[in-house]
Every structure is written in C-alpha cells, then in structure tokens.
>>> print(open('entry36.txt').read())   # compact mmCIF, C-alpha atoms
# COMPACT_ATOMS: atom_id res chain seq x y z
CA MET D 1 62.34 1.04 102.74
CA PHE D 2 61.53 1.64 99.09
CA ASN D 3 58.15 0.92 97.61
CA THR D 4 58.99 -1.57 94.92
CA GLU D 5 56.12 -3.99 95.30
CA ASN D 6 55.04 -3.65 91.71
CA TYR D 7 58.51 -3.87 90.30
CA PHE D 8 60.13 -6.95 91.81
CA TYR D 9 62.24 -9.04 89.55
CA ASP D 10 60.97 -12.55 89.00
CA ASP D 11 62.02 -14.97 91.66
CA TYR D 12 64.58 -17.14 89.92
CA SER D 13 65.67 -19.05 92.96
CA GLN D 14 63.89 -22.33 92.26
CA LEU D 15 65.07 -22.51 88.66
CA ASP D 16 68.58 -21.61 89.80
CA GLU D 17 68.67 -24.33 92.38
CA TYR D 18 67.58 -26.81 89.74
CA ASN D 19 70.22 -25.68 87.27
CA ARG D 20 72.99 -25.77 89.82
CA ASN D 21 72.22 -29.26 90.98
CA ALA D 22 71.63 -30.60 87.50
CA ILE D 23 74.63 -29.14 85.73
CA TYR D 24 77.11 -27.79 88.26
CA PRO D 25 76.95 -29.93 91.38
CA LYS D 26 80.15 -28.41 92.77
CA ALA D 27 78.78 -24.89 92.80
CA MET D 28 79.12 -23.09 96.09
CA PRO D 29 75.74 -22.81 97.77
CA TYR D 30 74.11 -19.45 97.76
CA VAL D 31 70.93 -18.74 99.67
CA TYR D 32 68.71 -16.44 97.68
CA GLY D 33 66.64 -13.78 99.32
CA THR D 34 68.74 -13.62 102.45
CA THR D 35 69.60 -10.16 103.70
CA ASN D 36 72.95 -11.25 105.06
CA PRO D 37 74.85 -13.17 102.40
CA SER D 38 77.46 -15.40 103.95
CA MET D 39 80.41 -13.96 102.08
CA ASN D 40 83.03 -14.42 104.73
CA ASN D 41 82.19 -17.72 106.35
CA PHE D 42 82.79 -19.94 103.39
CA ASP D 43 84.40 -23.27 103.94
CA ASN D 44 88.02 -23.43 102.84
CA SER D 45 87.56 -26.90 101.43
CA THR D 46 85.04 -25.66 98.89
CA PHE D 47 87.25 -22.68 98.17
CA SER D 48 89.70 -24.78 96.22
CA ASN D 49 87.07 -26.40 94.02
CA THR D 50 86.81 -25.49 90.39
CA PHE D 51 83.98 -26.27 88.05
CA MET D 52 84.85 -29.21 85.86
CA MET D 53 83.39 -28.57 82.47
CA PRO D 54 81.59 -31.79 81.58
CA SER D 55 82.37 -32.27 77.91
CA ASN D 56 84.84 -31.10 75.30
CA SER D 57 85.84 -27.86 76.97
CA ASN D 58 89.22 -27.62 78.67
CA VAL D 59 88.30 -24.39 80.41
CA LYS D 60 88.12 -24.52 84.20
CA VAL D 61 85.99 -21.76 85.65
CA LEU D 62 86.29 -20.85 89.33
CA ASP D 63 83.33 -20.17 91.57
CA PRO D 64 82.42 -16.46 91.51
CA TYR D 65 83.76 -15.64 94.97
CA LYS D 66 87.18 -17.12 94.37
CA GLY D 67 87.34 -15.60 90.89
CA PHE D 68 86.33 -12.20 92.26
CA MET D 69 89.01 -12.26 94.96
CA ARG D 70 91.65 -13.30 92.43
CA GLY D 71 90.46 -10.96 89.68
CA ASN D 72 90.41 -13.95 87.34
CA MET D 73 87.67 -16.53 86.76
CA PHE D 74 89.89 -18.90 84.79
CA GLU D 75 92.09 -21.39 86.63
CA ASN D 76 94.42 -21.96 83.66
CA LEU D 77 95.09 -18.23 83.22
CA TYR D 78 95.78 -17.44 86.89
CA ASP D 79 99.22 -15.91 87.29
CA PRO D 80 100.00 -14.92 90.88
CA TYR D 81 102.64 -12.32 91.71
CA ARG D 82 105.52 -13.61 93.84
CA ASN D 83 104.12 -15.11 97.02
CA PHE D 84 101.16 -12.75 97.33
CA LYS D 85 97.82 -14.35 98.07
CA PRO D 86 94.68 -12.67 96.79
CA ASN D 87 92.95 -10.50 99.33
CA GLU D 88 89.94 -11.94 101.07
CA VAL D 89 87.90 -8.81 101.40
CA LYS D 90 85.88 -8.95 104.58
CA PRO D 91 82.59 -7.06 104.42
CA LEU D 92 82.52 -4.57 107.27
CA SER D 93 78.77 -4.00 107.29
CA GLU D 94 75.57 -5.57 106.06
CA ARG D 95 75.43 -2.98 103.29
CA ASP D 96 78.95 -3.85 102.27
CA ALA D 97 78.18 -7.57 102.27
CA MET D 98 75.17 -7.05 100.01
CA LEU D 99 77.13 -4.75 97.70
CA GLN D 100 79.90 -7.32 97.43
CA GLU D 101 77.35 -9.89 96.27
CA VAL D 102 76.50 -7.50 93.43
CA GLN D 103 80.18 -6.86 92.69
CA LYS D 104 80.98 -10.57 92.77
CA TYR D 105 78.39 -11.54 90.16
CA ASP D 106 79.10 -8.44 88.09
CA PHE D 107 82.73 -9.54 88.01
CA ALA D 108 81.90 -13.13 87.05
CA LEU D 109 79.63 -11.91 84.24
CA ASN D 110 82.26 -9.52 82.95
CA ASP D 111 85.02 -12.12 82.85
CA LEU D 112 82.81 -14.76 81.22
CA ALA D 113 81.65 -12.14 78.69
CA LEU D 114 85.23 -11.43 77.59
CA TYR D 115 85.60 -15.17 76.97
CA LEU D 116 82.29 -15.44 75.12
CA ASP D 117 83.20 -12.45 72.93
CA ILE D 118 85.88 -14.66 71.38
CA TYR D 119 84.35 -18.12 71.91
CA PRO D 120 80.62 -17.50 71.46
CA ASN D 121 79.89 -21.17 70.74
CA ASN D 122 80.93 -22.54 74.13
CA GLY D 123 77.52 -23.60 75.46
CA GLU D 124 78.81 -24.49 78.90
CA ILE D 125 80.23 -21.05 79.52
CA LEU D 126 77.04 -19.53 78.12
CA SER D 127 74.96 -21.61 80.59
CA LEU D 128 77.13 -20.34 83.44
CA TYR D 129 76.73 -16.79 82.17
CA ASN D 130 72.95 -17.16 82.16
CA GLU D 131 72.99 -18.64 85.64
CA TYR D 132 75.12 -15.82 87.07
CA LEU D 133 72.98 -13.24 85.33
CA LYS D 134 70.03 -14.42 87.40
CA SER D 135 72.15 -14.39 90.55
CA TYR D 136 73.31 -10.87 89.69
CA ASN D 137 69.75 -9.64 89.24
CA ASN D 138 68.80 -11.18 92.57
CA ALA D 139 71.78 -9.55 94.29
CA VAL D 140 70.96 -6.14 92.78
CA ASN D 141 67.35 -6.50 93.84
CA ASN D 142 68.33 -7.45 97.40
CA PHE D 143 70.74 -4.53 97.69
CA GLU D 144 68.48 -1.91 96.18
CA ARG D 145 65.46 -2.84 98.31
CA SER D 146 67.48 -1.97 101.42
CA TYR D 147 69.90 0.71 100.27
CA GLY D 148 68.40 2.41 97.24
CA PRO D 149 69.23 2.52 93.54
CA LEU D 150 72.66 1.67 92.11
CA CYS D 151 71.63 3.18 88.79
CA ARG D 152 69.60 6.25 88.00
CA ASP D 153 67.16 4.03 86.08
CA SER D 154 66.90 1.22 88.65
CA VAL D 155 63.37 0.06 89.36
CA VAL D 156 63.63 1.28 92.96
CA ALA D 157 64.37 4.82 91.73
CA ALA D 158 60.68 5.24 90.86
CA THR D 159 59.49 6.73 94.15
CA ASN D 160 58.04 10.03 95.36
CA THR D 161 61.43 11.25 96.52
CA TRP D 162 64.68 11.53 94.58
CA ASN D 163 66.65 8.73 96.20
CA TYR D 164 69.57 8.30 93.76
CA ASP D 165 71.80 10.57 95.82
CA ASN D 166 70.78 9.19 99.22
CA SER D 167 73.63 6.70 99.35
CA PRO D 168 77.36 7.39 99.51
CA TRP D 169 79.46 7.58 96.35
CA PRO D 170 81.92 4.74 95.85
CA TRP D 171 84.96 6.84 96.80
CA GLU D 172 83.25 7.98 100.02
CA VAL D 173 82.22 4.59 101.35
CA GLN D 174 83.67 3.87 104.76
CA ARG D 175 83.21 0.17 104.88
CA MET T 1 76.19 4.71 75.36
CA TRP T 2 77.42 4.09 78.87
CA LYS T 3 75.56 3.76 82.15
CA TYR T 4 76.92 4.53 85.58
CA VAL T 5 76.63 1.98 88.39
CA LYS T 6 77.22 3.46 91.81
CA MET T 7 79.94 1.05 92.94
CA THR T 8 83.59 0.30 92.21
CA GLN T 9 84.33 -2.88 90.26
CA TYR T 10 86.23 -4.26 93.26
CA PRO T 11 86.07 -2.99 96.87
CA VAL T 12 88.39 -0.06 97.62
CA SER T 13 88.60 1.32 101.14
CA ILE T 14 91.88 2.90 102.20
CA THR T 15 91.98 4.53 105.62
CA LYS T 16 95.73 5.14 105.96
CA LYS T 17 96.93 8.40 104.40
CA ASP T 18 100.03 7.89 102.23
CA LEU T 19 100.94 10.84 100.03
CA ARG T 20 104.04 9.32 98.49
CA MET T 21 101.99 6.30 97.37
CA ALA T 22 99.32 8.62 95.96
CA LYS T 23 102.02 10.34 93.93
CA TYR T 24 103.26 7.03 92.48
CA LEU T 25 99.84 5.47 92.00
CA VAL T 26 98.44 8.34 89.95
CA THR T 27 100.54 7.11 87.03
CA GLN T 28 98.08 4.24 86.59
CA TYR T 29 95.45 6.95 86.08
CA GLY T 30 97.23 9.40 83.77
CA GLY T 31 100.57 7.78 82.89
CA SER T 32 101.66 6.10 79.65
CA ASN T 33 100.67 2.62 80.84
CA GLY T 34 97.67 3.77 82.84
CA GLU T 35 94.00 2.89 82.73
CA LEU T 36 92.88 6.09 80.99
CA ALA T 37 95.23 5.40 78.06
CA ALA T 38 93.99 1.80 77.98
CA ALA T 39 90.32 2.80 77.88
CA TRP T 40 90.80 5.33 75.06
CA ARG T 41 93.12 3.01 73.16
CA TYR T 42 90.54 0.21 72.96
CA LEU T 43 87.50 2.43 72.55
CA ASN T 44 89.14 4.14 69.57
CA GLN T 45 90.36 0.93 67.96
CA ARG T 46 87.03 -0.90 68.17
CA TYR T 47 85.40 0.82 65.18
CA THR T 48 87.77 -0.73 62.64
CA MET T 49 87.89 -4.28 64.01
CA PRO T 50 87.07 -6.68 61.15
CA ASP T 51 84.43 -8.83 62.85
CA GLU T 52 81.97 -9.11 65.74
CA LYS T 53 84.56 -10.70 68.02
CA GLY T 54 86.92 -7.75 67.78
CA LYS T 55 84.23 -5.12 68.15
CA ALA T 56 82.76 -6.90 71.18
CA LEU T 57 86.09 -7.57 72.91
CA LEU T 58 87.43 -4.04 72.50
CA THR T 59 84.14 -2.52 73.62
CA ASP T 60 83.96 -4.73 76.71
CA ILE T 61 87.61 -4.38 77.75
CA GLY T 62 87.53 -0.63 77.02
CA THR T 63 84.49 -0.35 79.26
CA GLU T 64 86.18 -2.33 82.02
CA GLU T 65 89.17 0.02 81.83
CA LEU T 66 86.84 2.91 82.65
CA ALA T 67 85.91 1.05 85.83
CA HIS T 68 89.64 0.71 86.57
CA VAL T 69 90.07 4.46 86.10
CA GLU T 70 87.49 4.87 88.85
CA MET T 71 89.26 2.39 91.14
CA ILE T 72 92.65 4.12 90.75
CA SER T 73 91.05 7.55 91.16
CA THR T 74 89.31 6.38 94.33
CA MET T 75 92.59 5.04 95.72
CA VAL T 76 94.50 8.27 94.96
CA TYR T 77 91.71 10.37 96.48
CA GLN T 78 91.60 8.27 99.65
CA LEU T 79 95.41 8.25 100.02
CA MET T 80 95.48 12.08 99.83
CA LYS T 81 92.41 12.78 101.90
CA ASP T 82 92.86 15.18 104.84
CA ALA T 83 96.54 15.84 104.08
CA THR T 84 97.95 19.04 105.56
CA LEU T 85 99.89 21.53 103.45
CA ASP T 86 103.09 20.56 105.24
CA GLU T 87 102.49 16.90 104.42
CA LEU T 88 101.79 17.74 100.77
CA ARG T 89 104.98 19.81 100.61
CA GLU T 90 107.03 17.04 102.16
CA ALA T 91 105.71 14.47 99.65
CA GLY T 92 106.34 16.77 96.70
CA LEU T 93 102.64 17.25 96.01
CA ASP T 94 102.69 21.01 96.66
CA ALA T 95 102.87 21.68 92.90
CA HIS T 96 99.82 19.46 92.39
CA TYR T 97 98.04 21.36 95.18
CA ALA T 98 98.89 24.71 93.59
CA GLU T 99 97.06 23.81 90.39
CA HIS T 100 94.46 21.27 91.50
CA GLY T 101 93.95 21.53 95.25
CA TYR T 102 92.79 18.14 96.54
CA SER T 103 91.10 17.23 93.27
CA LEU T 104 92.07 14.50 90.85
CA TYR T 105 94.06 15.18 87.69
CA PRO T 106 95.47 12.57 85.30
CA THR T 107 99.28 12.75 85.37
CA ASP T 108 102.13 10.29 85.61
CA ALA T 109 104.18 9.81 88.77
CA THR T 110 106.40 12.79 87.93
CA GLY T 111 103.50 15.15 87.24
CA ASN T 112 103.42 15.09 83.42
CA PRO T 113 99.82 15.53 82.28
CA PHE T 114 98.03 12.77 80.39
CA THR T 115 98.38 12.83 76.61
CA VAL T 116 96.74 10.73 73.89
CA ALA T 117 100.22 10.37 72.37
CA TYR T 118 100.53 7.46 74.83
CA PHE T 119 98.53 5.17 72.56
CA ALA T 120 98.10 4.28 68.91
CA SER T 121 95.16 3.41 66.71
CA THR T 122 96.31 2.30 63.26
CA GLY T 123 93.20 0.81 61.68
CA ASP T 124 95.14 -2.43 61.21
CA PRO T 125 93.62 -5.01 63.60
CA VAL T 126 96.76 -7.14 63.91
CA ALA T 127 98.94 -4.09 64.63
CA ASP T 128 96.38 -2.72 67.11
CA LEU T 129 96.00 -6.04 68.94
CA SER T 130 99.75 -6.50 69.28
CA GLU T 131 100.00 -2.97 70.71
CA ASN T 132 97.29 -3.95 73.18
CA MET T 133 99.13 -7.09 74.24
CA ALA T 134 102.26 -5.03 74.92
CA ALA T 135 100.21 -2.40 76.77
CA GLU T 136 98.70 -5.02 79.09
CA GLN T 137 102.14 -6.44 79.87
CA LYS T 138 103.56 -2.98 80.61
CA ALA T 139 100.63 -2.18 82.89
CA ARG T 140 101.17 -5.51 84.69
CA ALA T 141 104.82 -4.61 85.25
CA VAL T 142 103.89 -1.16 86.62
CA TYR T 143 101.39 -2.74 89.03
CA GLU T 144 104.18 -4.99 90.30
CA ASN T 145 106.45 -1.96 90.84
CA LEU T 146 103.64 -0.24 92.72
CA ILE T 147 102.97 -3.30 94.90
CA ASN T 148 106.69 -3.28 95.80
CA LEU T 149 106.42 0.36 96.93
CA THR T 150 103.81 -0.18 99.67
CA ASP T 151 103.08 -2.43 102.61
CA ASP T 152 99.46 -1.36 103.17
CA PRO T 153 97.20 -4.39 102.56
CA ASP T 154 94.30 -2.07 101.68
CA VAL T 155 96.41 -0.79 98.77
CA ILE T 156 98.01 -4.11 97.80
CA GLY T 157 94.65 -5.94 97.55
CA PRO T 158 93.17 -3.79 94.77
CA LEU T 159 96.57 -3.62 93.02
CA LEU T 160 96.81 -7.43 92.92
CA TYR T 161 93.29 -7.54 91.51
CA LEU T 162 94.08 -4.93 88.83
CA ARG T 163 97.32 -6.71 87.95
CA GLN T 164 95.40 -9.93 87.41
CA ARG T 165 93.00 -8.13 85.07
CA GLU T 166 95.98 -7.17 82.91
CA VAL T 167 96.85 -10.88 82.73
CA ILE T 168 93.33 -11.78 81.56
CA HIS T 169 93.16 -8.95 79.04
CA PHE T 170 96.56 -9.91 77.60
CA ASN T 171 95.34 -13.47 77.08
CA ARG T 172 92.08 -12.40 75.44
CA PHE T 173 93.90 -10.03 73.07
CA LYS T 174 96.38 -12.80 72.28
CA ASP T 175 93.58 -15.28 71.51
CA LEU T 176 92.06 -12.81 69.07
CA TYR T 177 95.45 -11.86 67.61
CA ASP T 178 96.23 -15.52 66.89
CA GLU T 179 92.84 -15.99 65.23
CA TYR T 180 93.24 -12.89 63.07
CA LYS T 181 96.73 -13.91 62.00
CA GLN T 182 95.38 -17.31 61.02
CA LYS T 183 92.55 -15.70 59.05
CA GLY T 184 95.02 -13.40 57.30
CA TYR T 185 93.55 -10.12 58.55
CA GLU T 186 95.91 -7.20 58.40
>>> encode(input="entry36.txt", output="structure tokens")
Amino acid sequence: MFNTENYFYDDYSQLDEYNRNAIYPKAMPYVYGTTNPSMNNFDNSTFSNTFMMPSNSNVKVLDPYKGFMRGNMFENLYDPYRNFKPNEVKPLSERDAMLQEVQKYDFALNDLALYLDIYPNNGEILSLYNEYLKSYNNAVNNFERSYGPLCRDSVVAATNTWNYDNSPWPWEVQR
Amino acid sequence: MWKYVKMTQYPVSITKKDLRMAKYLVTQYGGSNGELAAAWRYLNQRYTMPDEKGKALLTDIGTEELAHVEMISTMVYQLMKDATLDELREAGLDAHYAEHGYSLYPTDATGNPFTVAYFASTGDPVADLSENMAAEQKARAVYENLINLTDDPDVIGPLLYLRQREVIHFNRFKDLYDEYKQKGYE
C-alpha cells in the first residue's frame, strides 16, 4: 500500500531465531513477517511458562503476551485483584491483531526499561530488552506497511500523499 | 521532548454506553489520585533526582502516566458517546454538558476541576519517592473501587491492567527509595 521499498528495516528474523534458541529456549514462538500474527491461538500450556534466568538473577520475566495481558512482566511482582483473571484481549480484525503485536512489544520494552533504570547491570534483562526491541521494530514495520504511519516521522510517512491522518485515532477505533 | 504514537498503551474498545461509570471514571483523569496528577508529579520531580537512576525512572514512569491519561480519556469518551440530553441529566452529567458539551475535562468524580495542589515536589528525593509510593497505592485502591462499580468486561479489562501498573510503579519507586536511604540521600 505504501511505497517503502527503500526504507525497510533490516530483517532481524534470523538473528532473533538464533538468540531465542540459544539463550531463551522457552520463548513463545513468533513467526516474523507474517501478516496475521497468531495472537489468540496460543497454547495454554506455554502460557504458564516463565523465562528462567540462567545465572545469578532471581527475576522471572514472563513472555511478552502474558505480561501484556497482566500489565506486569515480572512474575514475582504480580498482584492479582480478588479472583479477577487478566483479560485476554481478542483481536477483532487483522489490523487490530497487527496493532496488538506493536502494543505487546512496546509494553514489554517499557516494563523492562523501568527495571533497567534501577538495575542497569543485569545483562540478562538487557539481552531480553535488545531482543524485544528487534521484535518491536518488526511489528511496527509490519503494521505500518499495511495501515500507514503510527508516528508522524515513521519511515512510511514519506510518500506523495499526507497519510498520517488516514487511519483512525485511538479513541475512535472500533475493533 | 515527547513523540506521539497513534495507539493506546493497551487496547480500549468500549461499546456499551454507561454515563454513571463515565462520571466515576473521570476521577482517574482529573482527580487527586488520577493519572494527570501522577504524570505531572513525576515529571516535575525528575529534575532534582540525585543520580541517573532517579532521573531515568521518573522520566519513564512520568511518560507512561501520560499514556494512562490517554487510556482513561478514551474510556470516558467512549462511555459518554452518543448520550442523549435526558440520559446526561439522569446521570448527573448535565452540569458537565453545560460547560463542556461532550468534550473531555479533567475533574474528579464529583466535578471538582483538576488542581496541581494534588501533588508535591519537594526537591528531597527520599520525600518525593515516598510520596510517589503512597500515590501509587492510592491509585491502586481507586482502581479497585472503580472495578467494583461496573460489570462491563470491556471496562474491567483496562482497569485491571492499569491497577497492575500501579503495583509495578510502587515496587520500582520502593526499590529506588531503599537504595537512596541506604546511600544517605535526603
């Protein structure tokens, strides 16, 4: 839809796959470059997995989807209210599914960043941050190629027509 | 500086009009324990934090609170959308309508406008961080009250998410508070 051929982000998928398998074998699989991320057909058995930090860290970090639904990436800090279970937000359209991929990784990055602000020397959390940053960039790229820029200065905003206001505002979205 | 990203931090899509809930919920926009007070509290305190950790944490949490302002605003807007004048009158939102129409305005649940008197900024990092810990706990409690006032899952979902963010922020402020106390900052 948008002419972005000269502006594509690097394809990180191969490096990502390597990092996941080498360092975080329990990571939930994510297929890069797909236009229909499988947000809502995850397997419940993987849903309960947490990353086990391999060395001296006692911090358990959840996979991004579970963390995003809970609003909390850290197993040891999770504090549910009464008997409420976190929502499992079902994407109601392909656009919504792709946007939720962006939101999911944005959330994971934000929560890990708050941790790293205080514990900047935790290399394991930093590795995860770097991994999710690549996933985030991929998710943004996938979304914007189909649905236009999320930011005024996104690479896909550089076209012959002003496309920033082509998509609905967040409060108008009818999922 | 700040940049706008054209999405909410967490999905919000409310299709069921509920004016009473809109009237309660707006307090997390413009009330004493709301997200606007939180954002300005942290973004004012950050300049006098004694090290990189404090400046980074208050900048990042203050920024996240701005995203929460947008989530709450979106929820209030969607809950009030397409209300008739009779419905507004019945829910006690006719006074809001008189001054603001269907637009947003930061007030608490009883209509008092937002004021910066809701938060402090003392220049003392230990005092500021302990205020922030209390503020996060009070916001958590208000989210629980709000969850108890509705049975719409499209409202409860984002409220549970926002409540959990208060839990995380409290813990991060506490971590930094403990470190500063140990280092003797005051």
>>> atom_distance(input="entry36.txt", atom1="CA of Leu160 (chain T)", atom2="CA of Asn76 (chain D)")
17.4 Å
>>> closest_atom_pairs(input="entry36.txt", of="chain T", to="chain D", cutoff="8 Å", atoms="all atoms listed in the file", output="CSV")
residue,atom,partner,partner_atom,distance
T:Lys3,CA,D:Cys151,CA,7.7
T:Tyr4,CA,D:Cys151,CA,6.3
T:Val5,CA,D:Cys151,CA,5.2
T:Lys6,CA,D:Leu150,CA,4.9
T:Met7,CA,D:Pro170,CA,5.1
T:Thr8,CA,D:Pro170,CA,6.0
T:Gln9,CA,D:Gln103,CA,6.2
T:Tyr10,CA,D:Gln103,CA,6.6
T:Pro11,CA,D:Gln100,CA,7.6
T:Val12,CA,D:Trp171,CA,7.7
T:Ser13,CA,D:Gln174,CA,6.6
T:Lys53,CA,D:Ile118,CA,5.4
T:Gly54,CA,D:Ile118,CA,7.9
T:Ala56,CA,D:Asp117,CA,5.8
T:Leu57,CA,D:Asp117,CA,5.7
T:Asp60,CA,D:Leu114,CA,6.9
T:Ile61,CA,D:Leu114,CA,7.4
T:Thr74,CA,D:Trp171,CA,5.0
T:Met75,CA,D:Trp171,CA,7.9
T:Tyr77,CA,D:Trp171,CA,7.6
T:Gln78,CA,D:Trp171,CA,7.4
T:Glu144,CA,D:Tyr81,CA,7.6
T:Gly157,CA,D:Asn87,CA,5.2
T:Leu160,CA,D:Pro86,CA,6.9
T:Tyr161,CA,D:Gly71,CA,4.8
T:Leu162,CA,D:Gly71,CA,7.1
T:Gln164,CA,D:Gly71,CA,5.5
T:Arg165,CA,D:Gly71,CA,6.0
T:Val167,CA,D:Asp79,CA,7.2
T:Ile168,CA,D:Asn72,CA,6.8
T:Asn171,CA,D:Leu77,CA,7.8
T:Arg172,CA,D:Tyr115,CA,7.2
T:Asp175,CA,D:Ile118,CA,7.7
T:Leu176,CA,D:Ile118,CA,6.9
>>> atom_distance(input="entry36.txt", atom1="CA of Asp128 (chain T)", atom2="CA of Ala39 (chain T)")
13.5 Å
>>> atom_distance(input="entry36.txt", atom1="CA of Ala134 (chain T)", atom2="CA of Phe173 (chain T)")
9.9 Å
>>> residues_around(input="entry36.txt", residues="region 96-111 of chain T", least_positions_apart="2", cutoff="12 Å", atoms="all atoms listed in the file", output="ChimeraX atom specification")
/T:19-37,69-70,72-89,91-94,113-116,118,142,146
>>> axis_aligned_box(input="entry36.txt", around="region 73-89 of chain T", padding_each_side="8 Å", output="lines of an AutoDock Vina configuration file")
center_x = 97.1
center_y = 13.3
center_z = 98.4
size_x = 31.7
size_y = 32.5
size_z = 30.4
>>> decode(input="entry36.txt", residues="region 83-92 of chain D", atoms="all heavy atoms", output="PDB file, in the first residue's frame")
ATOM      1  N   ASN D  83     -10.581 -12.335  42.662  1.00  0.00           N
ATOM      2  CA  ASN D  83     -10.476 -13.507  41.791  1.00  0.00           C
ATOM      3  C   ASN D  83     -10.493 -13.125  40.312  1.00  0.00           C
ATOM      4  O   ASN D  83     -10.780 -13.959  39.458  1.00  0.00           O
ATOM      5  CB  ASN D  83     -11.599 -14.509  42.106  1.00  0.00           C
ATOM      6  CG  ASN D  83     -12.956 -13.840  41.996  1.00  0.00           C
ATOM      7  OD1 ASN D  83     -13.025 -12.610  41.898  1.00  0.00           O
ATOM      8  ND2 ASN D  83     -14.023 -14.618  41.993  1.00  0.00           N
ATOM      9  N   PHE D  84     -10.204 -11.867  40.007  1.00  0.00           N
ATOM     10  CA  PHE D  84     -10.216 -11.448  38.608  1.00  0.00           C
ATOM     11  C   PHE D  84      -9.031 -12.030  37.854  1.00  0.00           C
ATOM     12  O   PHE D  84      -7.907 -11.987  38.328  1.00  0.00           O
ATOM     13  CB  PHE D  84     -10.168  -9.917  38.500  1.00  0.00           C
ATOM     14  CG  PHE D  84     -11.476  -9.245  38.821  1.00  0.00           C
ATOM     15  CD1 PHE D  84     -11.684  -8.681  40.066  1.00  0.00           C
ATOM     16  CD2 PHE D  84     -12.487  -9.193  37.872  1.00  0.00           C
ATOM     17  CE1 PHE D  84     -12.886  -8.055  40.366  1.00  0.00           C
ATOM     18  CE2 PHE D  84     -13.691  -8.567  38.164  1.00  0.00           C
ATOM     19  CZ  PHE D  84     -13.885  -8.002  39.420  1.00  0.00           C
ATOM     20  N   LYS D  85      -9.322 -12.564  36.685  1.00  0.00           N
ATOM     21  CA  LYS D  85      -8.270 -13.009  35.776  1.00  0.00           C
ATOM     22  C   LYS D  85      -7.993 -11.880  34.787  1.00  0.00           C
ATOM     23  O   LYS D  85      -8.907 -11.145  34.427  1.00  0.00           O
ATOM     24  CB  LYS D  85      -8.727 -14.245  34.998  1.00  0.00           C
ATOM     25  CG  LYS D  85      -9.077 -15.433  35.872  1.00  0.00           C
ATOM     26  CD  LYS D  85      -7.938 -16.422  35.881  1.00  0.00           C
ATOM     27  CE  LYS D  85      -8.314 -17.708  36.613  1.00  0.00           C
ATOM     28  NZ  LYS D  85      -8.639 -17.509  38.036  1.00  0.00           N
ATOM     29  N   PRO D  86      -6.720 -11.762  34.355  1.00  0.00           N
ATOM     30  CA  PRO D  86      -6.458 -10.729  33.350  1.00  0.00           C
ATOM     31  C   PRO D  86      -7.254 -10.989  32.079  1.00  0.00           C
ATOM     32  O   PRO D  86      -7.495 -12.146  31.714  1.00  0.00           O
ATOM     33  CB  PRO D  86      -4.961 -10.832  33.090  1.00  0.00           C
ATOM     34  CG  PRO D  86      -4.456 -11.974  33.871  1.00  0.00           C
ATOM     35  CD  PRO D  86      -5.546 -12.515  34.729  1.00  0.00           C
ATOM     36  N   ASN D  87      -7.670  -9.925  31.454  1.00  0.00           N
ATOM     37  CA  ASN D  87      -8.369 -10.039  30.181  1.00  0.00           C
ATOM     38  C   ASN D  87      -7.492 -10.724  29.156  1.00  0.00           C
ATOM     39  O   ASN D  87      -6.304 -10.516  29.124  1.00  0.00           O
ATOM     40  CB  ASN D  87      -8.679  -8.627  29.666  1.00  0.00           C
ATOM     41  CG  ASN D  87     -10.133  -8.427  29.418  1.00  0.00           C
ATOM     42  OD1 ASN D  87     -10.960  -9.237  29.835  1.00  0.00           O
ATOM     43  ND2 ASN D  87     -10.472  -7.347  28.734  1.00  0.00           N
ATOM     44  N   GLU D  88      -8.093 -11.539  28.307  1.00  0.00           N
ATOM     45  CA  GLU D  88      -7.378 -11.976  27.118  1.00  0.00           C
ATOM     46  C   GLU D  88      -8.018 -11.235  25.956  1.00  0.00           C
ATOM     47  O   GLU D  88      -9.087 -11.608  25.487  1.00  0.00           O
ATOM     48  CB  GLU D  88      -7.500 -13.483  26.927  1.00  0.00           C
ATOM     49  CG  GLU D  88      -6.610 -14.257  27.881  1.00  0.00           C
ATOM     50  CD  GLU D  88      -6.796 -15.750  27.742  1.00  0.00           C
ATOM     51  OE1 GLU D  88      -7.224 -16.196  26.662  1.00  0.00           O
ATOM     52  OE2 GLU D  88      -6.535 -16.445  28.724  1.00  0.00           O
ATOM     53  N   VAL D  89      -7.375 -10.172  25.538  1.00  0.00           N
ATOM     54  CA  VAL D  89      -7.973  -9.320  24.523  1.00  0.00           C
ATOM     55  C   VAL D  89      -7.910 -10.030  23.180  1.00  0.00           C
ATOM     56  O   VAL D  89      -6.840 -10.360  22.691  1.00  0.00           O
ATOM     57  CB  VAL D  89      -7.241  -7.971  24.432  1.00  0.00           C
ATOM     58  CG1 VAL D  89      -7.929  -7.075  23.412  1.00  0.00           C
ATOM     59  CG2 VAL D  89      -7.219  -7.301  25.789  1.00  0.00           C
ATOM     60  N   LYS D  90      -9.078 -10.260  22.623  1.00  0.00           N
ATOM     61  CA  LYS D  90      -9.134 -10.924  21.317  1.00  0.00           C
ATOM     62  C   LYS D  90      -9.115  -9.865  20.214  1.00  0.00           C
ATOM     63  O   LYS D  90      -9.976  -8.997  20.188  1.00  0.00           O
ATOM     64  CB  LYS D  90     -10.426 -11.738  21.196  1.00  0.00           C
ATOM     65  CG  LYS D  90     -10.547 -12.845  22.235  1.00  0.00           C
ATOM     66  CD  LYS D  90      -9.815 -14.090  21.787  1.00  0.00           C
ATOM     67  CE  LYS D  90     -10.057 -15.263  22.726  1.00  0.00           C
ATOM     68  NZ  LYS D  90      -9.349 -15.143  24.009  1.00  0.00           N
ATOM     69  N   PRO D  91      -8.139  -9.964  19.307  1.00  0.00           N
ATOM     70  CA  PRO D  91      -8.154  -9.017  18.187  1.00  0.00           C
ATOM     71  C   PRO D  91      -9.388  -9.255  17.329  1.00  0.00           C
ATOM     72  O   PRO D  91      -9.749 -10.394  17.057  1.00  0.00           O
ATOM     73  CB  PRO D  91      -6.883  -9.355  17.404  1.00  0.00           C
ATOM     74  CG  PRO D  91      -6.090 -10.259  18.281  1.00  0.00           C
ATOM     75  CD  PRO D  91      -7.038 -10.918  19.217  1.00  0.00           C
ATOM     76  N   LEU D  92     -10.055  -8.160  16.954  1.00  0.00           N
ATOM     77  CA  LEU D  92     -11.294  -8.309  16.202  1.00  0.00           C
ATOM     78  C   LEU D  92     -11.103  -8.083  14.708  1.00  0.00           C
ATOM     79  O   LEU D  92     -12.062  -8.134  13.950  1.00  0.00           O
ATOM     80  CB  LEU D  92     -12.350  -7.341  16.743  1.00  0.00           C
ATOM     81  CG  LEU D  92     -12.714  -7.570  18.218  1.00  0.00           C
ATOM     82  CD1 LEU D  92     -13.812  -6.622  18.646  1.00  0.00           C
ATOM     83  CD2 LEU D  92     -13.129  -9.010  18.471  1.00  0.00           C
TER      84      LEU D  92
END
